[in-house]
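Novice: Just protein_37.txt, nothing more (compact mmCIF, C-alpha atoms (C1' of nucleotides)):
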```txt
# COMPACT_ATOMS: atom_id res chain seq x y z
CA MET A 1 -2.85 -23.03 -18.28
CA TYR A 2 -5.93 -21.41 -16.88
CA SER A 3 -9.18 -21.89 -18.73
CA ALA A 4 -12.50 -20.34 -17.81
CA ALA A 5 -14.24 -23.65 -18.20
CA MET A 6 -12.17 -25.58 -15.70
CA GLY A 7 -13.49 -26.87 -12.42
CA THR A 8 -13.14 -24.95 -9.23
CA ASN A 9 -10.70 -27.14 -7.43
CA GLU A 10 -8.02 -27.41 -10.05
CA THR A 11 -4.56 -26.52 -8.92
CA SER A 12 -4.33 -23.45 -11.13
CA GLU A 13 -7.64 -22.29 -9.71
CA ARG A 14 -6.36 -22.62 -6.16
CA LEU A 15 -3.20 -20.77 -7.13
CA VAL A 16 -5.19 -17.85 -8.49
CA GLU A 17 -7.40 -17.69 -5.43
CA ALA A 18 -4.45 -17.86 -3.07
CA THR A 19 -2.77 -15.10 -5.03
CA ARG A 20 -5.87 -12.95 -4.81
CA GLU A 21 -5.93 -13.30 -1.04
CA LEU A 22 -2.25 -12.56 -0.63
CA LEU A 23 -2.36 -9.63 -3.03
CA TRP A 24 -5.19 -8.20 -1.00
CA GLU A 25 -3.39 -8.62 2.28
CA ARG A 26 0.23 -8.00 1.36
CA GLY A 27 0.29 -6.40 -2.08
CA TYR A 28 2.35 -7.49 -5.05
CA THR A 29 5.77 -6.64 -3.64
CA GLY A 30 4.94 -8.39 -0.39
CA THR A 31 3.69 -11.59 -2.01
CA SER A 32 6.18 -14.32 -2.86
CA PRO A 33 5.65 -17.34 -5.08
CA LYS A 34 6.56 -19.55 -2.14
CA ALA A 35 3.81 -18.01 0.00
CA VAL A 36 1.32 -18.52 -2.82
CA GLN A 37 2.31 -22.14 -3.16
CA ARG A 38 1.96 -22.78 0.54
CA ALA A 39 -1.48 -21.13 0.62
CA ALA A 40 -2.63 -23.04 -2.45
CA GLY A 41 -1.17 -26.36 -1.38
CA ALA A 42 0.77 -26.53 -4.62
CA GLY A 43 4.40 -27.26 -5.32
CA GLN A 44 6.99 -25.09 -7.01
CA GLY A 45 6.96 -27.04 -10.26
CA SER A 46 3.21 -27.02 -10.27
CA MET A 47 3.02 -23.26 -10.08
CA TYR A 48 5.52 -22.73 -12.86
CA HIS A 49 3.74 -25.29 -14.98
CA HIS A 50 0.47 -23.35 -14.85
CA PHE A 51 1.86 -19.83 -14.89
CA ALA A 52 4.90 -18.16 -16.37
CA GLY A 53 5.83 -16.68 -13.00
CA LYS A 54 4.79 -14.35 -10.25
CA ARG A 55 3.78 -11.57 -12.59
CA ASP A 56 1.65 -13.80 -14.79
CA LEU A 57 -0.18 -15.21 -11.79
CA ALA A 58 -0.73 -11.76 -10.36
CA LEU A 59 -2.08 -10.53 -13.66
CA THR A 60 -4.70 -13.28 -13.70
CA ALA A 61 -5.56 -12.63 -10.07
CA ILE A 62 -5.84 -8.86 -10.44
CA ARG A 63 -8.02 -9.16 -13.52
CA ARG A 64 -10.42 -11.45 -11.74
CA THR A 65 -10.59 -9.25 -8.67
CA ALA A 66 -11.29 -6.23 -10.83
CA GLU A 67 -14.05 -8.09 -12.68
CA GLU A 68 -15.71 -9.09 -9.44
CA MET A 69 -15.59 -5.57 -8.09
CA ASP A 70 -16.99 -4.24 -11.32
CA ALA A 71 -19.87 -6.70 -11.24
CA ALA A 72 -20.65 -5.95 -7.60
CA ALA A 73 -20.70 -2.19 -8.21
CA GLY A 74 -22.87 -2.62 -11.27
CA ALA A 75 -25.37 -4.74 -9.37
CA VAL A 76 -25.92 -2.02 -6.79
CA LEU A 77 -25.72 1.04 -8.99
CA GLU A 78 -27.87 -0.28 -11.78
CA GLY A 79 -30.48 -1.64 -9.41
CA GLU A 80 -33.79 -0.27 -8.24
CA GLY A 81 -34.56 3.02 -6.56
CA SER A 82 -33.88 6.70 -6.84
CA ALA A 83 -30.43 8.04 -7.64
CA TYR A 84 -29.86 8.90 -4.00
CA ALA A 85 -31.04 5.48 -2.86
CA ARG A 86 -28.63 3.68 -5.16
CA ILE A 87 -25.70 5.83 -4.08
CA GLU A 88 -26.68 5.23 -0.48
CA ALA A 89 -26.90 1.50 -1.12
CA TYR A 90 -23.46 1.58 -2.70
CA LEU A 91 -21.96 3.47 0.22
CA LEU A 92 -23.63 1.40 2.91
CA ARG A 93 -22.95 -1.93 1.30
CA GLU A 94 -21.33 -4.45 3.62
CA ARG A 95 -17.59 -4.39 3.35
CA ASP A 96 -14.62 -6.03 4.91
CA VAL A 97 -13.50 -2.55 5.89
CA LEU A 98 -10.37 -3.45 7.81
CA ARG A 99 -9.03 -5.48 4.91
CA GLY A 100 -9.29 -2.48 2.66
CA CYS A 101 -10.15 -2.48 -1.03
CA PRO A 102 -8.51 -5.36 -2.90
CA VAL A 103 -8.18 -3.15 -5.96
CA GLY A 104 -7.39 0.25 -4.45
CA ARG A 105 -4.74 -1.35 -2.29
CA LEU A 106 -2.68 -2.14 -5.34
CA THR A 107 -2.24 1.53 -6.20
CA MET A 108 0.20 1.82 -3.32
CA ASP A 109 2.40 -0.84 -4.84
CA PRO A 110 5.16 0.71 -6.94
CA GLU A 111 5.69 -2.43 -8.97
CA VAL A 112 2.03 -2.53 -9.96
CA ILE A 113 1.94 1.15 -10.85
CA ALA A 114 5.13 0.83 -12.88
CA ASP A 115 3.74 -2.06 -14.93
CA PRO A 116 1.07 -0.93 -17.42
CA GLU A 117 -0.46 -4.37 -17.74
CA LEU A 118 -0.79 -4.87 -14.01
CA ARG A 119 -2.11 -1.37 -13.50
CA ALA A 120 -4.66 -1.44 -16.33
CA PRO A 121 -7.38 -3.47 -14.56
CA VAL A 122 -7.02 -1.25 -11.50
CA GLU A 123 -7.41 1.91 -13.52
CA GLU A 124 -10.28 0.53 -15.56
CA VAL A 125 -12.41 -0.66 -12.71
CA LEU A 126 -12.05 2.60 -10.80
CA ASP A 127 -12.78 4.60 -13.93
CA ARG A 128 -15.89 2.57 -14.65
CA LEU A 129 -17.04 2.98 -11.08
CA ARG A 130 -16.67 6.75 -11.35
CA ALA A 131 -18.51 6.80 -14.66
CA ARG A 132 -21.35 4.71 -13.26
CA LEU A 133 -21.68 6.94 -10.22
CA ALA A 134 -21.60 10.05 -12.41
CA ALA A 135 -24.45 8.63 -14.46
CA VAL A 136 -26.48 8.02 -11.35
CA VAL A 137 -25.76 11.51 -10.03
CA ARG A 138 -26.89 12.94 -13.35
CA GLU A 139 -30.25 11.24 -12.90
CA GLY A 140 -30.89 13.13 -9.69
CA PRO A 141 -32.42 16.57 -9.30
CA GLU A 142 -30.33 19.72 -9.18
CA SER A 143 -29.40 20.10 -12.80
CA GLY A 144 -27.53 23.29 -11.97
CA GLY A 145 -25.70 21.80 -9.02
CA PRO A 146 -22.21 20.36 -8.67
CA ASP A 147 -20.54 18.64 -11.61
CA PRO A 148 -21.62 14.97 -11.62
CA GLU A 149 -18.15 13.77 -12.61
CA GLU A 150 -16.62 15.60 -9.68
CA THR A 151 -19.28 14.41 -7.30
CA ALA A 152 -18.66 10.86 -8.44
CA ALA A 153 -14.92 11.26 -7.92
CA ALA A 154 -15.56 12.50 -4.41
CA ILE A 155 -17.76 9.49 -3.67
CA VAL A 156 -15.19 6.96 -4.85
CA ALA A 157 -12.44 8.82 -3.04
CA THR A 158 -14.38 8.86 0.21
CA VAL A 159 -14.73 5.10 0.10
CA GLN A 160 -11.09 4.52 -0.78
CA GLY A 161 -9.94 6.98 1.87
CA GLY A 162 -12.35 5.52 4.38
CA TYR A 163 -10.39 2.29 4.20
CA VAL A 164 -7.19 4.19 4.95
CA LEU A 165 -8.71 5.78 8.06
CA ALA A 166 -10.16 2.49 9.25
CA ARG A 167 -6.88 0.64 8.89
CA ALA A 168 -4.96 3.43 10.58
CA THR A 169 -7.32 3.22 13.55
CA GLY A 170 -7.79 -0.51 13.59
CA SER A 171 -11.53 0.04 13.55
CA PRO A 172 -14.24 0.35 10.89
CA ALA A 173 -15.70 3.38 12.69
CA PRO A 174 -13.92 6.13 10.72
CA PHE A 175 -15.01 4.51 7.48
CA ASP A 176 -18.63 4.59 8.58
CA SER A 177 -18.20 8.11 9.83
CA ALA A 178 -16.81 9.33 6.51
CA VAL A 179 -19.61 7.63 4.62
CA ARG A 180 -22.28 9.15 6.85
CA GLY A 181 -20.63 12.54 6.48
CA LEU A 182 -20.67 12.23 2.72
CA LEU A 183 -24.28 11.09 2.65
CA ALA A 184 -25.25 14.14 4.68
CA LEU A 185 -23.48 16.34 2.15
CA LEU A 186 -25.28 14.53 -0.66
CA ALA A 187 -28.69 15.22 0.89
CA PRO A 188 -29.57 17.70 -1.90
CA LEU A 189 -29.73 14.68 -4.21
CA LYS A 190 -32.62 13.23 -2.22
CA PRO A 191 -35.92 12.87 -4.09
CA SER A 192 -37.68 15.00 -1.46
CA HIS A 193 -35.54 17.98 -2.44
CA MET B 1 22.31 7.19 18.08
CA TYR B 2 20.10 9.89 16.68
CA SER B 3 19.82 13.12 18.62
CA ALA B 4 17.62 16.04 17.74
CA ALA B 5 20.52 18.43 18.17
CA MET B 6 22.82 16.85 15.62
CA GLY B 7 23.78 18.46 12.38
CA THR B 8 21.93 17.78 9.18
CA ASN B 9 24.53 15.87 7.29
CA GLU B 10 25.41 13.26 9.85
CA THR B 11 25.21 9.71 8.68
CA SER B 12 22.28 8.83 10.91
CA GLU B 13 20.46 11.84 9.58
CA ARG B 14 20.98 10.72 6.02
CA LEU B 15 19.81 7.25 6.94
CA VAL B 16 16.58 8.59 8.37
CA GLU B 17 15.92 10.77 5.35
CA ALA B 18 16.67 7.94 2.94
CA THR B 19 14.32 5.71 4.90
CA ARG B 20 11.57 8.31 4.77
CA GLU B 21 11.84 8.49 1.01
CA LEU B 22 11.86 4.74 0.54
CA LEU B 23 9.01 4.22 2.97
CA TRP B 24 7.00 6.72 1.00
CA GLU B 25 7.73 5.10 -2.31
CA ARG B 26 7.86 1.41 -1.44
CA GLY B 27 6.37 0.98 2.02
CA TYR B 28 7.88 -0.88 4.94
CA THR B 29 7.73 -4.37 3.47
CA GLY B 30 9.22 -3.14 0.22
CA THR B 31 12.13 -1.30 1.81
CA SER B 32 15.32 -3.20 2.57
CA PRO B 33 18.21 -2.10 4.77
CA LYS B 34 20.49 -2.50 1.79
CA ALA B 35 18.40 -0.10 -0.27
CA VAL B 36 18.44 2.42 2.57
CA GLN B 37 22.21 2.17 2.85
CA ARG B 38 22.67 2.68 -0.85
CA ALA B 39 20.40 5.73 -0.86
CA ALA B 40 22.07 7.20 2.20
CA GLY B 41 25.58 6.45 1.06
CA ALA B 42 26.22 4.56 4.27
CA GLY B 43 27.68 1.13 4.89
CA GLN B 44 26.11 -1.85 6.57
CA GLY B 45 28.07 -1.49 9.78
CA SER B 46 27.27 2.17 9.88
CA MET B 47 23.57 1.62 9.76
CA TYR B 48 23.59 -0.99 12.48
CA HIS B 49 25.77 1.23 14.62
CA HIS B 50 23.21 4.04 14.58
CA PHE B 51 20.04 1.97 14.62
CA ALA B 52 19.03 -1.35 16.07
CA GLY B 53 17.71 -2.51 12.71
CA LYS B 54 15.17 -1.91 10.00
CA ARG B 55 12.28 -1.54 12.40
CA ASP B 56 14.09 0.97 14.61
CA LEU B 57 15.05 3.08 11.63
CA ALA B 58 11.54 2.96 10.25
CA LEU B 59 10.10 3.97 13.59
CA THR B 60 12.27 7.09 13.63
CA ALA B 61 11.41 7.87 10.03
CA ILE B 62 7.67 7.36 10.45
CA ARG B 63 7.56 9.51 13.56
CA ARG B 64 9.29 12.35 11.79
CA THR B 65 7.06 12.13 8.74
CA ALA B 66 3.99 12.17 10.97
CA GLU B 67 5.28 15.22 12.84
CA GLU B 68 5.87 17.09 9.60
CA MET B 69 2.45 16.28 8.29
CA ASP B 70 0.89 17.34 11.56
CA ALA B 71 2.72 20.66 11.49
CA ALA B 72 1.78 21.33 7.87
CA ALA B 73 -1.89 20.61 8.52
CA GLY B 74 -1.85 22.79 11.62
CA ALA B 75 -0.33 25.68 9.73
CA VAL B 76 -3.15 25.72 7.19
CA LEU B 77 -6.09 24.86 9.43
CA GLU B 78 -5.20 27.20 12.22
CA GLY B 79 -4.41 30.06 9.87
CA GLU B 80 -6.44 33.06 8.80
CA GLY B 81 -9.82 33.17 7.15
CA SER B 82 -13.28 31.73 7.45
CA ALA B 83 -13.89 28.10 8.22
CA TYR B 84 -14.66 27.40 4.59
CA ALA B 85 -11.57 29.27 3.43
CA ARG B 86 -9.30 27.22 5.65
CA ILE B 87 -10.82 23.93 4.56
CA GLU B 88 -10.49 25.07 0.98
CA ALA B 89 -6.87 26.04 1.57
CA TYR B 90 -6.23 22.63 3.10
CA LEU B 91 -7.83 20.82 0.20
CA LEU B 92 -6.18 22.90 -2.50
CA ARG B 93 -2.75 22.88 -0.93
CA GLU B 94 0.00 21.82 -3.29
CA ARG B 95 0.69 18.15 -3.09
CA ASP B 96 2.87 15.58 -4.71
CA VAL B 97 -0.32 13.82 -5.68
CA LEU B 98 1.17 10.97 -7.66
CA ARG B 99 3.47 10.01 -4.82
CA GLY B 100 0.52 9.64 -2.50
CA CYS B 101 0.40 10.43 1.19
CA PRO B 102 3.57 9.36 2.99
CA VAL B 103 1.53 8.56 6.09
CA GLY B 104 -1.66 7.14 4.60
CA ARG B 105 0.39 4.90 2.37
CA LEU B 106 1.64 2.98 5.38
CA THR B 107 -1.85 1.81 6.28
CA MET B 108 -1.68 -0.61 3.37
CA ASP B 109 1.40 -2.26 4.82
CA PRO B 110 0.45 -5.30 6.89
CA GLU B 111 3.68 -5.21 8.87
CA VAL B 112 3.04 -1.61 9.92
CA ILE B 113 -0.56 -2.28 10.86
CA ALA B 114 0.42 -5.36 12.84
CA ASP B 115 3.02 -3.45 14.87
CA PRO B 116 1.40 -1.09 17.41
CA GLU B 117 4.47 1.09 17.71
CA LEU B 118 4.84 1.56 13.97
CA ARG B 119 1.13 2.16 13.54
CA ALA B 120 0.74 4.63 16.40
CA PRO B 121 2.14 7.73 14.65
CA VAL B 122 -0.02 6.97 11.61
CA GLU B 123 -3.15 6.67 13.69
CA GLU B 124 -2.36 9.75 15.76
CA VAL B 125 -1.67 12.11 12.91
CA LEU B 126 -4.81 11.13 11.04
CA ASP B 127 -6.88 11.40 14.21
CA ARG B 128 -5.51 14.85 14.95
CA LEU B 129 -6.20 15.93 11.41
CA ARG B 130 -9.80 14.82 11.71
CA ALA B 131 -10.17 16.57 15.04
CA ARG B 132 -8.73 19.79 13.66
CA LEU B 133 -11.02 19.71 10.66
CA ALA B 134 -14.01 18.97 12.89
CA ALA B 135 -13.16 22.02 14.96
CA VAL B 136 -13.01 24.18 11.86
CA VAL B 137 -16.30 22.78 10.57
CA ARG B 138 -17.90 23.55 13.93
CA GLU B 139 -16.90 27.20 13.51
CA GLY B 140 -18.90 27.50 10.33
CA PRO B 141 -22.60 28.31 9.98
CA GLU B 142 -25.26 25.65 9.91
CA SER B 143 -25.34 24.62 13.52
CA GLY B 144 -28.11 22.17 12.73
CA GLY B 145 -26.37 20.70 9.71
CA PRO B 146 -24.28 17.57 9.27
CA ASP B 147 -22.23 16.22 12.17
CA PRO B 148 -18.84 18.00 12.15
CA GLU B 149 -16.93 14.83 13.07
CA GLU B 150 -18.48 13.01 10.15
CA THR B 151 -17.89 15.88 7.78
CA ALA B 152 -14.26 15.97 8.88
CA ALA B 153 -13.90 12.23 8.31
CA ALA B 154 -15.33 12.66 4.82
CA ILE B 155 -12.82 15.42 4.09
CA VAL B 156 -9.80 13.41 5.19
CA ALA B 157 -11.11 10.35 3.37
CA THR B 158 -11.59 12.29 0.15
CA VAL B 159 -7.97 13.39 0.21
CA GLN B 160 -6.65 9.93 1.03
CA GLY B 161 -8.87 8.35 -1.60
CA GLY B 162 -7.96 11.04 -4.09
CA TYR B 163 -4.41 9.76 -3.98
CA VAL B 164 -5.63 6.26 -4.76
CA LEU B 165 -7.55 7.46 -7.82
CA ALA B 166 -4.64 9.56 -9.03
CA ARG B 167 -2.17 6.72 -8.74
CA ALA B 168 -4.55 4.30 -10.43
CA THR B 169 -4.85 6.68 -13.36
CA GLY B 170 -1.28 7.91 -13.44
CA SER B 171 -2.58 11.47 -13.34
CA PRO B 172 -3.39 14.00 -10.63
CA ALA B 173 -6.67 14.86 -12.39
CA PRO B 174 -8.97 12.54 -10.41
CA PHE B 175 -7.55 13.88 -7.17
CA ASP B 176 -8.38 17.42 -8.21
CA SER B 177 -11.76 16.32 -9.43
CA ALA B 178 -12.63 14.66 -6.12
CA VAL B 179 -11.48 17.74 -4.20
CA ARG B 180 -13.56 20.07 -6.37
CA GLY B 181 -16.53 17.76 -5.98
CA LEU B 182 -16.18 17.81 -2.23
CA LEU B 183 -15.78 21.58 -2.12
CA ALA B 184 -18.99 21.95 -4.09
CA LEU B 185 -20.77 19.74 -1.57
CA LEU B 186 -19.31 21.82 1.23
CA ALA B 187 -20.68 25.06 -0.25
CA PRO B 188 -23.23 25.41 2.57
CA LEU B 189 -20.28 26.14 4.85
CA LYS B 190 -19.47 29.27 2.89
CA PRO B 191 -19.75 32.57 4.76
CA SER B 192 -22.18 33.90 2.14
CA HIS B 193 -24.70 31.24 3.14
C1' DG C 1 32.08 5.18 13.56
C1' DT C 2 32.90 2.44 9.63
C1' DC C 3 34.60 -1.69 7.31
C1' DT C 4 34.49 -6.52 5.76
C1' DA C 5 33.15 -11.30 6.56
C1' DT C 6 29.81 -14.55 7.49
C1' DA C 7 25.29 -16.52 8.41
C1' DG C 8 20.79 -19.07 7.45
C1' DG C 9 16.98 -18.27 4.90
C1' DC C 10 14.02 -16.56 1.28
C1' DC C 11 13.61 -14.56 -3.63
C1' DG C 12 12.14 -15.71 -8.32
C1' DA C 13 13.22 -18.82 -11.59
C1' DT C 14 15.05 -22.91 -14.46
C1' DA C 15 16.10 -27.85 -15.37
C1' DG C 16 15.08 -32.31 -15.77
C1' DA C 17 13.34 -36.70 -13.65
C1' DC C 18 9.06 -39.11 -12.93
C1' DG D 1 1.20 -32.27 -13.95
C1' DT D 2 4.08 -32.54 -10.09
C1' DC D 3 8.50 -33.38 -7.83
C1' DT D 4 13.22 -32.37 -6.36
C1' DA D 5 17.59 -30.09 -7.22
C1' DT D 6 20.02 -26.15 -8.16
C1' DC D 7 21.00 -21.25 -9.11
C1' DG D 8 22.80 -16.39 -8.19
C1' DG D 9 21.29 -12.94 -5.52
C1' DC D 10 19.06 -10.41 -1.85
C1' DC D 11 17.17 -10.35 3.13
C1' DT D 12 18.22 -8.95 7.86
C1' DA D 13 21.18 -9.32 10.77
C1' DT D 14 25.68 -10.45 13.87
C1' DA D 15 30.74 -10.43 14.71
C1' DG D 16 34.88 -8.53 15.05
C1' DA D 17 38.80 -5.94 12.96
C1' DC D 18 40.32 -1.27 12.30
```
Take the structure in the file and give it back as structure tokens.

Specialist:
Amino acid sequence: MYSAAMGTNETSERLVEATRELLWERGYTGTSPKAVQRAAGAGQGSMYHHFAGKRDLALTAIRRTAEEMDAAAGAVLEGEGSAYARIEAYLLRERDVLRGCPVGRLTMDPEVIADPELRAPVEEVLDRLRARLAAVVREGPESGGPDPEETAAAIVATVQGGYVLARATGSPAPFDSAVRGLLALLAPLKPSH
Amino acid sequence: MYSAAMGTNETSERLVEATRELLWERGYTGTSPKAVQRAAGAGQGSMYHHFAGKRDLALTAIRRTAEEMDAAAGAVLEGEGSAYARIEAYLLRERDVLRGCPVGRLTMDPEVIADPELRAPVEEVLDRLRARLAAVVREGPESGGPDPEETAAAIVATVQGGYVLARATGSPAPFDSAVRGLLALLAPLKPSH
DNA sequence: GTCTATAGGCCGATAGAC
DNA sequence: GTCTATCGGCCTATAGAC
């Protein structure tokens, strides 16, 4: 079974990484154990030795992906600079836009949403992201302005929806456009104001 | 084969409607011909008599869903009221939030994105929505303000991303929160300003 | 138009040898 | 740990009777 201390080229490690990639690209419903095995270079028996099944493997993969996203968001939002600068840095961060969000993508999967354990990491990481953004917004000026929680929700939603627009178009442009539009609307948060 | 003039309880009609529902809930990859047949109360032979296969049926279903969404958006955005009022009406329109957007949802399906014909209606309807919103934004005050195209992209993205947050949480609340947050940021568009 | 039969292949998993 | 064999069932059709 998987252990945090194991090396990085163990079979179970490759299985988890392959699952993460396939989950990102095809979702849970669209990812088969056979496809995971092929991508990981592991056999059937090998996969079922390390994991109880597709769901178990996906659970491990989803949890890791959520952790990584959480850490990445924290690094930007708890970094240096004014509130506006950190939000800007978050929004302009380099992204694999056309691949979409590896976490947000899972919300469109009915089997993930129907399974509390699979859904939990998705919900948690998006909730934490909103909370972090709300905290940053609260730091800014405009104490009588828009509700920080709602502003934060709009920021996360713009990013998640930006992926949808980009994938629909086959181009990252609408994502960048949405982000620039939001930043313009957030101008009142700028230190100069 | 399907004809626009046919009655509403024909078998092919039921097949299209069943496909629309399943596409909405489970996506293209997650929807099987057998499931469609069951939902439509039609047999195997019947389905393949009316449609060339799963892809053909999905194409018909997706096109219709896109048309409906286009018409609904047009009705609100080309209605009465100030620019802000129409954007507000669009954002506050009643939605089946937890089901997500039947069009946007398809962008997460790799088989849809990889197939130009299946993707086209998705791209077109979202592009038209952005263009319509940009036109409304342009009507508003603030001629020197944010770029209307970018503002429109942010609006569409907020809605699409709102669905993601709602589904992650299992509650429509984050969708409403994001929409209220965006409306607060759009306050400069209000006639009173 | 609709039905049943058939097809080759994958689905997700289990069993047991090595 | 990994392999092969096997399972019942679904996947996406195609064929041909009725």

Novice: Between CA of Gly45 (chain A) and C1' of DC3 (chain D), measure the distance and give it in Å to one decimal.

Specialist: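 Here the two named atoms are 7.0 Å from each other.
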
Novice: Contacts between chain A and chain D, please, where a residue of chain D counts if it comes within 10 Å (with only C-alpha atoms (C1' of nucleotides)); show its shortest atom pair and distance in Å to one decimal, rows by chain and ascending number, as a Markdown table.

Specialist:
```
| residue | atom | partner | partner_atom | distance |
| --- | --- | --- | --- | --- |
| D:DG1 | C1' | A:Ser46 | CA | 6.7 |
| D:DT2 | C1' | A:Ser46 | CA | 5.6 |
| D:DC3 | C1' | A:Gly45 | CA | 7.0 |
| D:DT4 | C1' | A:Gly45 | CA | 9.1 |
```

Novice: Write a file of the just-selected residues containing C-alpha atoms (C1' of nucleotides), as a CSV table (one decimal), in the coordinates of the input.

Specialist:
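This went into selection_25.csv:
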```
chain,number,residue,atom,x,y,z
D,1,DG,C1',1.2,-32.3,-14.0
D,2,DT,C1',4.1,-32.5,-10.1
D,3,DC,C1',8.5,-33.4,-7.8
D,4,DT,C1',13.2,-32.4,-6.4
```

Novice: Which of these, B:Ile155, B:Ser12, B:Asp56, B:Thr169, has the shortest distance to chain C once you count only C-alpha atoms (C1' of nucleotides)?

Specialist: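 Of all the options, B:Ser12 lies closest to chain C.
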
Novice: Counting only C-alpha atoms (C1' of nucleotides), which residue out of A:Ala18, A:Thr65, A:Lys54, A:Val36 sits closest to chain C?

Specialist: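 Closest candidate: A:Lys54.
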
Novice: Quick check: residues of chain A within 12 Å of chain C, only C-alpha atoms (C1' of nucleotides), returned as a count of residues only.

Specialist: 17

Novice: Should the cut-off be 8 Å, what would the residue list for chain B against chain A look like, counting only C-alpha atoms, as number ranges by chain?

Specialist: B: 25-26, 29-30, 100, 104-105, 107-110, 113, 119, 122-123, 126, 146-147, 149-162, 164-165, 167-170, 174-175, 177-182, 184-186
